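entry_3.cif (mmCIF, C-alpha atoms, pLDDT in the B column; chains and numbers go by the auth columns)
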```cif
data_work
loop_
_atom_site.group_PDB
_atom_site.id
_atom_site.type_symbol
_atom_site.label_atom_id
_atom_site.label_comp_id
_atom_site.label_asym_id
_atom_site.label_seq_id
_atom_site.Cartn_x
_atom_site.Cartn_y
_atom_site.Cartn_z
_atom_site.B_iso_or_equiv
_atom_site.auth_seq_id
_atom_site.auth_asym_id
ATOM 1 C CA MET A 1 -22.625 32.703 81.697 96.00 1 P
ATOM 2 C CA ILE A 2 -22.411 28.989 80.954 98.00 2 P
ATOM 3 C CA TYR A 3 -24.998 26.560 82.318 97.00 3 P
ATOM 4 C CA LEU A 4 -24.573 22.801 82.289 97.00 4 P
ATOM 5 C CA ILE A 5 -28.064 21.309 81.966 96.00 5 P
ATOM 6 C CA SER A 6 -27.260 17.881 83.362 92.00 6 P
ATOM 7 C CA ASN A 7 -27.433 15.720 86.461 86.00 7 P
ATOM 8 C CA THR A 8 -23.666 15.292 86.083 87.00 8 P
ATOM 9 C CA LYS A 9 -21.835 18.158 87.761 90.00 9 P
ATOM 10 C CA SER A 10 -18.769 20.015 86.535 93.00 10 P
ATOM 11 C CA ASP A 11 -16.008 21.292 88.815 93.00 11 P
ATOM 12 C CA ASP A 12 -15.249 24.134 86.402 96.00 12 P
ATOM 13 C CA LYS A 13 -15.792 27.397 88.321 95.00 13 P
ATOM 14 C CA GLU A 14 -16.955 29.150 85.152 95.00 14 P
ATOM 15 C CA VAL A 15 -19.853 26.730 84.763 97.00 15 P
ATOM 16 C CA ILE A 16 -23.165 26.785 86.638 96.00 16 P
ATOM 17 C CA ASN A 17 -24.595 23.328 87.267 95.00 17 P
ATOM 18 C CA PHE A 18 -28.315 23.351 86.451 95.00 18 P
ATOM 19 C CA ALA A 19 -30.049 20.030 87.118 91.00 19 P
ATOM 20 C CA LEU A 20 -33.553 19.427 85.795 92.00 20 P
ATOM 21 C CA SER A 21 -33.588 15.702 86.474 89.00 21 P
ATOM 22 C CA GLU A 22 -32.085 13.059 88.707 90.00 22 P
ATOM 23 C CA ILE A 23 -31.203 9.426 88.139 93.00 23 P
ATOM 24 C CA LYS A 24 -33.417 6.754 89.667 95.00 24 P
ATOM 25 C CA PHE A 25 -31.824 3.308 89.811 97.00 25 P
ATOM 26 C CA GLU A 26 -33.893 0.154 89.395 97.00 26 P
ATOM 27 C CA LYS A 27 -33.533 -2.990 91.505 98.00 27 P
ATOM 28 C CA PHE A 28 -32.499 -6.149 89.661 97.00 28 P
ATOM 29 C CA SER A 29 -30.481 -9.326 90.074 97.00 29 P
ATOM 30 C CA LEU A 30 -28.027 -10.505 87.460 96.00 30 P
ATOM 31 C CA ASP A 31 -25.413 -13.171 86.772 97.00 31 P
ATOM 32 C CA LEU A 32 -22.907 -11.673 84.320 97.00 32 P
ATOM 33 C CA SER A 33 -21.316 -15.076 83.697 97.00 33 P
ATOM 34 C CA LYS A 34 -24.375 -16.110 81.655 97.00 34 P
ATOM 35 C CA PHE A 35 -23.577 -13.553 78.941 98.00 35 P
ATOM 36 C CA ASP A 36 -20.873 -13.443 76.282 98.00 36 P
ATOM 37 C CA ALA A 37 -20.820 -9.652 76.276 98.00 37 P
ATOM 38 C CA LEU A 38 -22.171 -6.597 78.076 98.00 38 P
ATOM 39 C CA ILE A 39 -23.054 -3.257 76.486 98.00 39 P
ATOM 40 C CA ILE A 40 -23.287 0.013 78.427 96.00 40 P
ATOM 41 C CA SER A 41 -23.928 3.470 77.010 93.00 41 P
ATOM 42 C CA SER A 42 -23.611 5.424 80.276 92.00 42 P
ATOM 43 C CA LYS A 43 -21.624 5.333 83.487 93.00 43 P
ATOM 44 C CA ASN A 44 -25.010 5.045 85.223 95.00 44 P
ATOM 45 C CA ALA A 45 -25.144 1.413 84.091 97.00 45 P
ATOM 46 C CA ILE A 46 -21.973 0.690 86.078 98.00 46 P
ATOM 47 C CA LYS A 47 -23.378 2.525 89.088 97.00 47 P
ATOM 48 C CA ALA A 48 -26.507 0.369 88.794 98.00 48 P
ATOM 49 C CA LEU A 49 -24.289 -2.732 89.018 98.00 49 P
ATOM 50 C CA GLN A 50 -22.694 -1.333 92.170 98.00 50 P
ATOM 51 C CA ILE A 51 -26.000 -0.378 93.790 98.00 51 P
ATOM 52 C CA ASN A 52 -27.459 -3.828 93.110 98.00 52 P
ATOM 53 C CA GLN A 53 -24.260 -5.508 94.352 98.00 53 P
ATOM 54 C CA ILE A 54 -23.741 -7.454 91.129 98.00 54 P
ATOM 55 C CA SER A 55 -20.633 -9.609 91.276 97.00 55 P
ATOM 56 C CA LEU A 56 -17.899 -8.874 88.762 97.00 56 P
ATOM 57 C CA PHE A 57 -17.321 -11.400 85.976 97.00 57 P
ATOM 58 C CA GLN A 58 -14.718 -10.752 83.298 97.00 58 P
ATOM 59 C CA THR A 59 -17.052 -10.814 80.338 96.00 59 P
ATOM 60 C CA GLN A 60 -16.284 -8.728 77.261 98.00 60 P
ATOM 61 C CA ILE A 61 -17.753 -5.245 77.679 98.00 61 P
ATOM 62 C CA TYR A 62 -18.560 -2.656 74.999 98.00 62 P
ATOM 63 C CA VAL A 63 -18.889 0.986 76.050 97.00 63 P
ATOM 64 C CA LEU A 64 -19.782 4.419 74.724 91.00 64 P
ATOM 65 C CA GLY A 65 -17.609 7.382 75.697 86.00 65 P
ATOM 66 C CA LYS A 66 -14.718 8.058 78.053 86.00 66 P
ATOM 67 C CA ALA A 67 -16.881 8.326 81.180 87.00 67 P
ATOM 68 C CA SER A 68 -18.319 4.839 80.612 93.00 68 P
ATOM 69 C CA LEU A 69 -14.835 3.496 79.880 94.00 69 P
ATOM 70 C CA GLN A 70 -13.404 4.861 83.121 94.00 70 P
ATOM 71 C CA SER A 71 -16.362 3.654 85.180 96.00 71 P
ATOM 72 C CA ALA A 72 -16.029 0.159 83.707 97.00 72 P
ATOM 73 C CA LYS A 73 -12.320 0.098 84.578 97.00 73 P
ATOM 74 C CA ASN A 74 -13.017 1.320 88.104 97.00 74 P
ATOM 75 C CA PHE A 75 -15.584 -1.450 88.587 97.00 75 P
ATOM 76 C CA GLY A 76 -12.937 -3.998 87.637 97.00 76 P
ATOM 77 C CA PHE A 77 -13.696 -4.898 84.023 98.00 77 P
ATOM 78 C CA GLU A 78 -10.564 -5.671 82.017 97.00 78 P
ATOM 79 C CA LYS A 79 -11.817 -6.791 78.594 97.00 79 P
ATOM 80 C CA ILE A 80 -13.227 -3.490 77.342 98.00 80 P
ATOM 81 C CA LYS A 81 -13.840 -2.219 73.813 97.00 81 P
ATOM 82 C CA ILE A 82 -14.908 1.383 73.216 96.00 82 P
ATOM 83 C CA SER A 83 -16.883 2.537 70.206 94.00 83 P
ATOM 84 C CA SER A 84 -14.939 4.818 67.859 91.00 84 P
ATOM 85 C CA LYS A 85 -17.921 7.188 67.959 85.00 85 P
ATOM 86 C CA ALA A 86 -19.960 7.990 71.058 77.00 86 P
ATOM 87 C CA TYR A 87 -23.428 7.234 69.668 85.00 87 P
ATOM 88 C CA GLY A 88 -25.535 4.142 70.264 91.00 88 P
ATOM 89 C CA ASN A 89 -26.224 3.479 66.584 93.00 89 P
ATOM 90 C CA ASP A 90 -22.517 3.719 65.795 93.00 90 P
ATOM 91 C CA LEU A 91 -21.613 1.204 68.517 96.00 91 P
ATOM 92 C CA ALA A 92 -24.228 -1.227 67.224 97.00 92 P
ATOM 93 C CA ASN A 93 -23.072 -0.904 63.612 97.00 93 P
ATOM 94 C CA GLU A 94 -19.392 -1.118 64.541 97.00 94 P
ATOM 95 C CA PHE A 95 -19.691 -4.356 66.524 98.00 95 P
ATOM 96 C CA LYS A 96 -22.812 -6.056 65.083 97.00 96 P
ATOM 97 C CA ASP A 97 -20.814 -8.617 63.081 97.00 97 P
ATOM 98 C CA GLU A 98 -18.588 -9.398 66.043 97.00 98 P
ATOM 99 C CA LEU A 99 -21.622 -9.882 68.312 98.00 99 P
ATOM 100 C CA LYS A 100 -23.732 -11.907 65.865 98.00 100 P
ATOM 101 C CA GLY A 101 -24.962 -15.136 67.451 97.00 101 P
ATOM 102 C CA LYS A 102 -23.664 -14.189 70.885 98.00 102 P
ATOM 103 C CA LYS A 103 -25.645 -13.777 74.092 98.00 103 P
ATOM 104 C CA VAL A 104 -25.409 -10.061 74.855 98.00 104 P
ATOM 105 C CA LEU A 105 -26.773 -7.972 77.724 98.00 105 P
ATOM 106 C CA TYR A 106 -27.599 -4.283 77.292 98.00 106 P
ATOM 107 C CA LEU A 107 -27.909 -2.390 80.604 98.00 107 P
ATOM 108 C CA ARG A 108 -29.892 0.656 79.532 97.00 108 P
ATOM 109 C CA ALA A 109 -31.938 3.658 80.536 95.00 109 P
ATOM 110 C CA LYS A 110 -35.736 3.485 80.473 94.00 110 P
ATOM 111 C CA GLN A 111 -35.759 5.980 77.601 90.00 111 P
ATOM 112 C CA ILE A 112 -33.068 5.862 74.920 90.00 112 P
ATOM 113 C CA ALA A 113 -32.604 8.025 71.835 84.00 113 P
ATOM 114 C CA SER A 114 -30.751 5.497 69.681 90.00 114 P
ATOM 115 C CA SER A 115 -31.850 2.392 67.751 95.00 115 P
ATOM 116 C CA LEU A 116 -29.040 0.283 69.222 97.00 116 P
ATOM 117 C CA PRO A 117 -31.293 -2.643 70.296 97.00 117 P
ATOM 118 C CA GLU A 118 -33.109 -2.794 66.983 98.00 118 P
ATOM 119 C CA ILE A 119 -29.868 -2.780 64.979 98.00 119 P
ATOM 120 C CA LEU A 120 -28.374 -5.621 67.004 98.00 120 P
ATOM 121 C CA LEU A 121 -31.544 -7.732 66.954 98.00 121 P
ATOM 122 C CA GLU A 122 -31.880 -7.280 63.183 98.00 122 P
ATOM 123 C CA ASN A 123 -28.319 -8.545 62.774 98.00 123 P
ATOM 124 C CA GLY A 124 -28.677 -11.806 64.651 98.00 124 P
ATOM 125 C CA VAL A 125 -27.518 -10.792 68.121 98.00 125 P
ATOM 126 C CA ASN A 126 -29.155 -12.680 71.001 98.00 126 P
ATOM 127 C CA LEU A 127 -29.887 -9.513 72.965 98.00 127 P
ATOM 128 C CA THR A 128 -31.285 -9.211 76.491 98.00 128 P
ATOM 129 C CA GLN A 129 -32.195 -5.744 77.762 98.00 129 P
ATOM 130 C CA ILE A 130 -32.445 -4.701 81.401 98.00 130 P
ATOM 131 C CA ILE A 131 -33.703 -1.241 82.352 98.00 131 P
ATOM 132 C CA ALA A 132 -31.170 -0.290 85.003 98.00 132 P
ATOM 133 C CA TYR A 133 -32.002 3.388 85.539 97.00 133 P
ATOM 134 C CA GLU A 134 -34.127 6.291 84.384 94.00 134 P
ATOM 135 C CA SER A 135 -33.955 10.055 84.368 89.00 135 P
ATOM 136 C CA VAL A 136 -36.722 11.554 86.530 90.00 136 P
ATOM 137 C CA GLU A 137 -37.800 15.196 86.391 90.00 137 P
ATOM 138 C CA ILE A 138 -37.099 17.304 89.476 85.00 138 P
ATOM 139 C CA SER A 139 -40.471 18.667 90.513 73.00 139 P
ATOM 140 C CA ASN A 140 -39.549 21.822 92.460 74.00 140 P
ATOM 141 C CA LEU A 141 -39.762 25.115 90.563 64.00 141 P
ATOM 142 C CA ILE A 142 -36.514 26.865 89.613 75.00 142 P
ATOM 143 C CA ASN A 143 -35.619 30.202 88.035 87.00 143 P
ATOM 144 C CA PRO A 144 -34.504 30.155 84.393 92.00 144 P
ATOM 145 C CA PRO A 145 -30.854 30.634 83.368 95.00 145 P
ATOM 146 C CA LYS A 146 -29.788 34.224 82.738 95.00 146 P
ATOM 147 C CA ALA A 147 -30.795 35.482 79.289 95.00 147 P
ATOM 148 C CA GLY A 148 -28.023 35.434 76.675 94.00 148 P
ATOM 149 C CA SER A 149 -26.136 32.597 78.363 97.00 149 P
ATOM 150 C CA VAL A 150 -24.751 29.466 76.745 97.00 150 P
ATOM 151 C CA LEU A 151 -26.683 26.315 77.667 97.00 151 P
ATOM 152 C CA ILE A 152 -25.023 22.911 77.455 98.00 152 P
ATOM 153 C CA PHE A 153 -27.421 19.997 77.058 96.00 153 P
ATOM 154 C CA THR A 154 -26.194 16.444 77.627 92.00 154 P
ATOM 155 C CA SER A 155 -29.313 14.415 76.832 89.00 155 P
ATOM 156 C CA PRO A 156 -32.593 14.606 74.890 90.00 156 P
ATOM 157 C CA LYS A 157 -34.431 14.032 78.192 89.00 157 P
ATOM 158 C CA ASN A 158 -33.082 17.258 79.694 92.00 158 P
ATOM 159 C CA VAL A 159 -33.980 19.129 76.501 94.00 159 P
ATOM 160 C CA GLN A 160 -37.531 17.803 76.812 91.00 160 P
ATOM 161 C CA ILE A 161 -37.831 18.954 80.427 92.00 161 P
ATOM 162 C CA PHE A 162 -36.277 22.377 79.754 94.00 162 P
ATOM 163 C CA LYS A 163 -38.575 23.103 76.808 93.00 163 P
ATOM 164 C CA LYS A 164 -41.589 22.199 78.919 91.00 164 P
ATOM 165 C CA ILE A 165 -40.674 24.841 81.526 90.00 165 P
ATOM 166 C CA PHE A 166 -38.669 27.527 79.696 92.00 166 P
ATOM 167 C CA SER A 167 -38.105 29.017 76.242 92.00 167 P
ATOM 168 C CA LEU A 168 -34.839 28.558 74.316 93.00 168 P
ATOM 169 C CA ASP A 169 -35.191 31.879 72.493 91.00 169 P
ATOM 170 C CA THR A 170 -32.557 33.978 74.281 92.00 170 P
ATOM 171 C CA TYR A 171 -29.797 31.379 74.585 95.00 171 P
ATOM 172 C CA LYS A 172 -26.847 29.984 72.651 95.00 172 P
ATOM 173 C CA LEU A 173 -27.020 26.191 72.578 96.00 173 P
ATOM 174 C CA VAL A 174 -24.426 23.439 72.854 97.00 174 P
ATOM 175 C CA ALA A 175 -25.433 19.776 72.519 95.00 175 P
ATOM 176 C CA ILE A 176 -23.226 16.872 73.518 92.00 176 P
ATOM 177 C CA GLY A 177 -24.225 14.891 70.424 87.00 177 P
ATOM 178 C CA GLU A 178 -26.483 14.563 67.428 85.00 178 P
ATOM 179 C CA SER A 179 -29.482 13.058 69.261 86.00 179 P
ATOM 180 C CA THR A 180 -29.491 15.900 71.783 91.00 180 P
ATOM 181 C CA ALA A 181 -29.104 18.484 69.003 91.00 181 P
ATOM 182 C CA LYS A 182 -32.048 16.957 67.168 89.00 182 P
ATOM 183 C CA ALA A 183 -34.165 17.243 70.323 91.00 183 P
ATOM 184 C CA LEU A 184 -33.355 20.960 70.518 93.00 184 P
ATOM 185 C CA GLY A 185 -34.985 21.428 67.129 86.00 185 P
ATOM 186 C CA GLU A 186 -34.058 23.339 64.009 74.00 186 P
ATOM 187 C CA GLN A 187 -35.206 26.799 65.038 63.00 187 P
ATOM 188 C CA LYS A 188 -31.741 27.827 66.263 75.00 188 P
ATOM 189 C CA LYS A 189 -28.126 26.991 65.512 89.00 189 P
ATOM 190 C CA VAL A 190 -26.835 24.272 67.804 94.00 190 P
ATOM 191 C CA PHE A 191 -23.090 23.781 68.384 95.00 191 P
ATOM 192 C CA ILE A 192 -21.752 20.217 68.773 93.00 192 P
ATOM 193 C CA PRO A 193 -18.188 19.443 69.922 93.00 193 P
ATOM 194 C CA GLN A 194 -16.017 17.048 67.934 88.00 194 P
ATOM 195 C CA ILE A 195 -15.619 14.844 71.010 85.00 195 P
ATOM 196 C CA CYS A 196 -18.789 13.630 72.722 83.00 196 P
ATOM 197 C CA ASP A 197 -18.121 14.495 76.368 87.00 197 P
ATOM 198 C CA ILE A 198 -18.910 17.246 78.877 92.00 198 P
ATOM 199 C CA ASP A 199 -15.386 18.705 79.011 92.00 199 P
ATOM 200 C CA ALA A 200 -15.429 19.186 75.228 93.00 200 P
ATOM 201 C CA CYS A 201 -18.857 20.846 75.494 95.00 201 P
ATOM 202 C CA ILE A 202 -17.568 23.276 78.115 97.00 202 P
ATOM 203 C CA LYS A 203 -14.495 24.111 76.033 96.00 203 P
ATOM 204 C CA LEU A 204 -16.729 24.824 73.034 97.00 204 P
ATOM 205 C CA ALA A 205 -19.157 26.886 75.119 97.00 205 P
ATOM 206 C CA LYS A 206 -16.341 29.183 76.251 97.00 206 P
ATOM 207 C CA THR A 207 -15.470 29.990 72.629 96.00 207 P
ATOM 208 C CA ILE A 208 -19.012 31.092 71.781 94.00 208 P
ATOM 209 C CA LEU A 209 -19.908 32.870 75.033 84.00 209 P
#
```
Here is a file; write its structure as structure tokens.
Amino acid sequence: MIYLISNTKSDDKEVINFALSEIKFEKFSLDLSKFDALIISSKNAIKALQINQISLFQTQIYVLGKASLQSAKNFGFEKIKISSKAYGNDLANEFKDELKGKKVLYLRAKQIASSLPEILLENGVNLTQIIAYESVEISNLINPPKAGSVLIFTSPKNVQIFKKIFSLDTYKLVAIGESTAKALGEQKKVFIPQICDIDACIKLAKTIL
């Protein structure tokens, strides 16, 4: 069996959605016109804009991954650049020279695995950070996934919660990216897809089931 350990659900009938956390959105006010650029590393940042009824302004936006790209387009952004690699450090290093001296807003999670803010600040970017959302552990007890299954992890936070409740010993592991794989530890082989998205993780999981 394949379990998707994520608060994002899959419609694939061969995949069991297994949520250990849920997204809590913060309240904030914001005028996008005061910034030269906006950075988002998750579609949750766009949802936070919607929930807080932030008015659209056609500032330049930098995104990580296809899900963030599509969410930004759906919100109405037109000037969008996507990082060639779906990791926060890579986005920062790819665009740091372009963003140097500019007033940039990073809509972020409460906990992040990358050093994106530090890289930009060290390279002369006038960076403002707003915590727009956080991943909160679901408190009710749940049964563990069936032994021998493939587990797909999409964030270090979900790895942290899973390891606190269950053991990883009997499972095959797929991580959406390097940060999540690192959180899983070095005690077992962890498979990482070439493309950093959930569909690619599921495709890979089916080959190792």
request  = Neighbourhood query: residues within 8 Å of (-29.2, -3.6, 86.3), file coordinates, counting only C-alpha atoms; return as a PyMOL selection string.
outcome  = chain P and resi 26-30+45+48-49+52+107+130-133
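Atom pair atom CA of Gln160 of chain P / atom CA of Glu122 of chain P has a distance of 29.1 Å (rounded to one decimal).
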query = Using all atoms listed in the file, can you list as a PyMOL selection string the residues within 12 Å of (-16.4, 13.0, 71.8)?
reply = chain P and resi 64-67+82-87+154+175-178+192-201+204
Could those residues be written to a file, using C-alpha atoms, as a PDB file, keeping the file's coordinate frame?
```pdb
ATOM      1  CA  LEU P  64     -19.782   4.419  74.724  1.00 91.00           C
ATOM      2  CA  GLY P  65     -17.609   7.382  75.697  1.00 86.00           C
ATOM      3  CA  LYS P  66     -14.718   8.058  78.053  1.00 86.00           C
ATOM      4  CA  ALA P  67     -16.881   8.326  81.180  1.00 87.00           C
ATOM      5  CA  ILE P  82     -14.908   1.383  73.216  1.00 96.00           C
ATOM      6  CA  SER P  83     -16.883   2.537  70.206  1.00 94.00           C
ATOM      7  CA  SER P  84     -14.939   4.818  67.859  1.00 91.00           C
ATOM      8  CA  LYS P  85     -17.921   7.188  67.959  1.00 85.00           C
ATOM      9  CA  ALA P  86     -19.960   7.990  71.058  1.00 77.00           C
ATOM     10  CA  TYR P  87     -23.428   7.234  69.668  1.00 85.00           C
ATOM     11  CA  THR P 154     -26.194  16.444  77.627  1.00 92.00           C
ATOM     12  CA  ALA P 175     -25.433  19.776  72.519  1.00 95.00           C
ATOM     13  CA  ILE P 176     -23.226  16.872  73.518  1.00 92.00           C
ATOM     14  CA  GLY P 177     -24.225  14.891  70.424  1.00 87.00           C
ATOM     15  CA  GLU P 178     -26.483  14.563  67.428  1.00 85.00           C
ATOM     16  CA  ILE P 192     -21.752  20.217  68.773  1.00 93.00           C
ATOM     17  CA  PRO P 193     -18.188  19.443  69.922  1.00 93.00           C
ATOM     18  CA  GLN P 194     -16.017  17.048  67.934  1.00 88.00           C
ATOM     19  CA  ILE P 195     -15.619  14.844  71.010  1.00 85.00           C
ATOM     20  CA  CYS P 196     -18.789  13.630  72.722  1.00 83.00           C
ATOM     21  CA  ASP P 197     -18.121  14.495  76.368  1.00 87.00           C
ATOM     22  CA  ILE P 198     -18.910  17.246  78.877  1.00 92.00           C
ATOM     23  CA  ASP P 199     -15.386  18.705  79.011  1.00 92.00           C
ATOM     24  CA  ALA P 200     -15.429  19.186  75.228  1.00 93.00           C
ATOM     25  CA  CYS P 201     -18.857  20.846  75.494  1.00 95.00           C
ATOM     26  CA  LEU P 204     -16.729  24.824  73.034  1.00 97.00           C
TER      27      LEU P 204
END
```
request  = Using the chain letters and numbering of this document, enumerate as a PyMOL selection string the residues selected by the PyMOL selection byres ((chain P and resi 73-78) around 12).
outcome  = chain P and resi 32+37-38+43-51+53-63+66-72+79-82
Closest of P:Ile138, P:Leu20, P:Ile40, P:Ile208 to Lys172 of chain P - atom-to-atom distances counting all atoms listed in the file = P:Ile208
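Proximity of P:Lys110, P:Lys157, P:Lys146, P:Lys96 to Leu127 of chain P, computed with all atoms listed in the file, is greatest for P:Lys96.
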ask   = For Ile5 of chain P, which of P:Ala19, P:Ile39, P:Ala147, P:Val125 is the closest residue, counting only C-alpha atoms?
value =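 Looking at the shortest contact to Ile5 of chain P, the residue is P:Ala19.
Interatomic distance, atom CA of Leu209 of chain P to atom CA of Thr180 of chain P: 19.8 Å.
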request  = Translate the PyMOL selection byres ((chain P and resi 119) around 8), as applied to the file shown, into an explicit residue set as a list in words.
outcome  = Asn89, Ala92, Asn93, Lys96, Ser115, Leu116, Pro117, Glu118, Leu120, Leu121, Glu122 and Asn123 of chain P
ask   = Do you have the atom CA of Ser179 of chain P-atom CA of Ile165 of chain P distance handy?
value =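 If I compute the distance from atom CA of Ser179 of chain P to atom CA of Ile165 of chain P, I get 20.4 Å.
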Hits from the PyMOL selection byres ((chain P and resi 173) around 6), listed as a PyMOL selection string = chain P and resi 150-151+172+174+190
inquiry  = My list of candidates is P:Ser33, P:Phe18, P:Ser114, P:Lys188. Which is closest to Ile142 of chain P when distances are computed with only C-alpha atoms?
reply    = P:Phe18
Among the residues P:Ser155, P:Asn140, P:Ser10, P:Ser135, the one that comes closest to Ile23 of chain P [using only C-alpha atoms] =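 Closest to Ile23 of chain P, using only C-alpha atoms: P:Ser135.
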Box dimensions and centre (Å, one decimal) enclosing segment 150-157 of chain P, axis-aligned, 5 Å extra per side, as JSON:
```
{"center_x": -29.6, "center_y": 21.7, "center_z": 76.5, "size_x": 19.7, "size_y": 25.4, "size_z": 13.3}
```
Only N, CA, C and O atoms, as a PDB file, in the first residue's frame: that is what I want for segment 84-98 of chain P.
```
ATOM      1  N   SER P  84      14.383  27.138 -10.945  1.00  0.00           N
ATOM      2  CA  SER P  84      14.694  25.961 -11.758  1.00  0.00           C
ATOM      3  C   SER P  84      14.747  24.696 -10.912  1.00  0.00           C
ATOM      4  O   SER P  84      14.592  23.595 -11.421  1.00  0.00           O
ATOM      5  N   LYS P  85      14.968  24.867  -9.600  1.00  0.00           N
ATOM      6  CA  LYS P  85      14.928  23.749  -8.664  1.00  0.00           C
ATOM      7  C   LYS P  85      13.975  24.099  -7.532  1.00  0.00           C
ATOM      8  O   LYS P  85      13.889  25.254  -7.129  1.00  0.00           O
ATOM      9  N   ALA P  86      13.271  23.098  -7.020  1.00  0.00           N
ATOM     10  CA  ALA P  86      12.197  23.358  -6.059  1.00  0.00           C
ATOM     11  C   ALA P  86      12.674  23.311  -4.604  1.00  0.00           C
ATOM     12  O   ALA P  86      12.077  22.642  -3.759  1.00  0.00           O
ATOM     13  N   TYR P  87      13.761  24.026  -4.319  1.00  0.00           N
ATOM     14  CA  TYR P  87      14.265  24.121  -2.949  1.00  0.00           C
ATOM     15  C   TYR P  87      14.514  25.588  -2.615  1.00  0.00           C
ATOM     16  O   TYR P  87      14.971  26.359  -3.462  1.00  0.00           O
ATOM     17  N   GLY P  88      14.234  25.954  -1.366  1.00  0.00           N
ATOM     18  CA  GLY P  88      14.355  27.349  -0.966  1.00  0.00           C
ATOM     19  C   GLY P  88      15.737  27.925  -1.177  1.00  0.00           C
ATOM     20  O   GLY P  88      15.886  29.050  -1.679  1.00  0.00           O
ATOM     21  N   ASN P  89      16.769  27.175  -0.811  1.00  0.00           N
ATOM     22  CA  ASN P  89      18.144  27.662  -0.989  1.00  0.00           C
ATOM     23  C   ASN P  89      18.463  27.913  -2.456  1.00  0.00           C
ATOM     24  O   ASN P  89      19.162  28.872  -2.802  1.00  0.00           O
ATOM     25  N   ASP P  90      17.953  27.033  -3.321  1.00  0.00           N
ATOM     26  CA  ASP P  90      18.211  27.179  -4.756  1.00  0.00           C
ATOM     27  C   ASP P  90      17.537  28.431  -5.306  1.00  0.00           C
ATOM     28  O   ASP P  90      18.113  29.143  -6.140  1.00  0.00           O
ATOM     29  N   LEU P  91      16.300  28.704  -4.863  1.00  0.00           N
ATOM     30  CA  LEU P  91      15.613  29.916  -5.312  1.00  0.00           C
ATOM     31  C   LEU P  91      16.407  31.153  -4.887  1.00  0.00           C
ATOM     32  O   LEU P  91      16.612  32.070  -5.687  1.00  0.00           O
ATOM     33  N   ALA P  92      16.833  31.161  -3.639  1.00  0.00           N
ATOM     34  CA  ALA P  92      17.584  32.316  -3.127  1.00  0.00           C
ATOM     35  C   ALA P  92      18.872  32.525  -3.911  1.00  0.00           C
ATOM     36  O   ALA P  92      19.201  33.656  -4.303  1.00  0.00           O
ATOM     37  N   ASN P  93      19.609  31.458  -4.167  1.00  0.00           N
ATOM     38  CA  ASN P  93      20.876  31.576  -4.889  1.00  0.00           C
ATOM     39  C   ASN P  93      20.673  31.932  -6.358  1.00  0.00           C
ATOM     40  O   ASN P  93      21.488  32.640  -6.950  1.00  0.00           O
ATOM     41  N   GLU P  94      19.578  31.453  -6.935  1.00  0.00           N
ATOM     42  CA  GLU P  94      19.308  31.720  -8.349  1.00  0.00           C
ATOM     43  C   GLU P  94      18.951  33.185  -8.607  1.00  0.00           C
ATOM     44  O   GLU P  94      19.337  33.765  -9.629  1.00  0.00           O
ATOM     45  N   PHE P  95      18.236  33.801  -7.665  1.00  0.00           N
ATOM     46  CA  PHE P  95      17.722  35.153  -7.902  1.00  0.00           C
ATOM     47  C   PHE P  95      18.328  36.226  -6.988  1.00  0.00           C
ATOM     48  O   PHE P  95      17.897  37.377  -7.032  1.00  0.00           O
ATOM     49  N   LYS P  96      19.316  35.875  -6.167  1.00  0.00           N
ATOM     50  CA  LYS P  96      19.863  36.834  -5.201  1.00  0.00           C
ATOM     51  C   LYS P  96      20.433  38.079  -5.865  1.00  0.00           C
ATOM     52  O   LYS P  96      20.262  39.203  -5.361  1.00  0.00           O
ATOM     53  N   ASP P  97      21.110  37.921  -6.999  1.00  0.00           N
ATOM     54  CA  ASP P  97      21.690  39.087  -7.681  1.00  0.00           C
ATOM     55  C   ASP P  97      20.599  39.970  -8.271  1.00  0.00           C
ATOM     56  O   ASP P  97      20.686  41.205  -8.230  1.00  0.00           O
ATOM     57  N   GLU P  98      19.582  39.338  -8.794  1.00  0.00           N
ATOM     58  CA  GLU P  98      18.454  40.066  -9.384  1.00  0.00           C
ATOM     59  C   GLU P  98      17.674  40.841  -8.323  1.00  0.00           C
ATOM     60  O   GLU P  98      17.129  41.916  -8.598  1.00  0.00           O
TER      61      GLU P  98
END
```
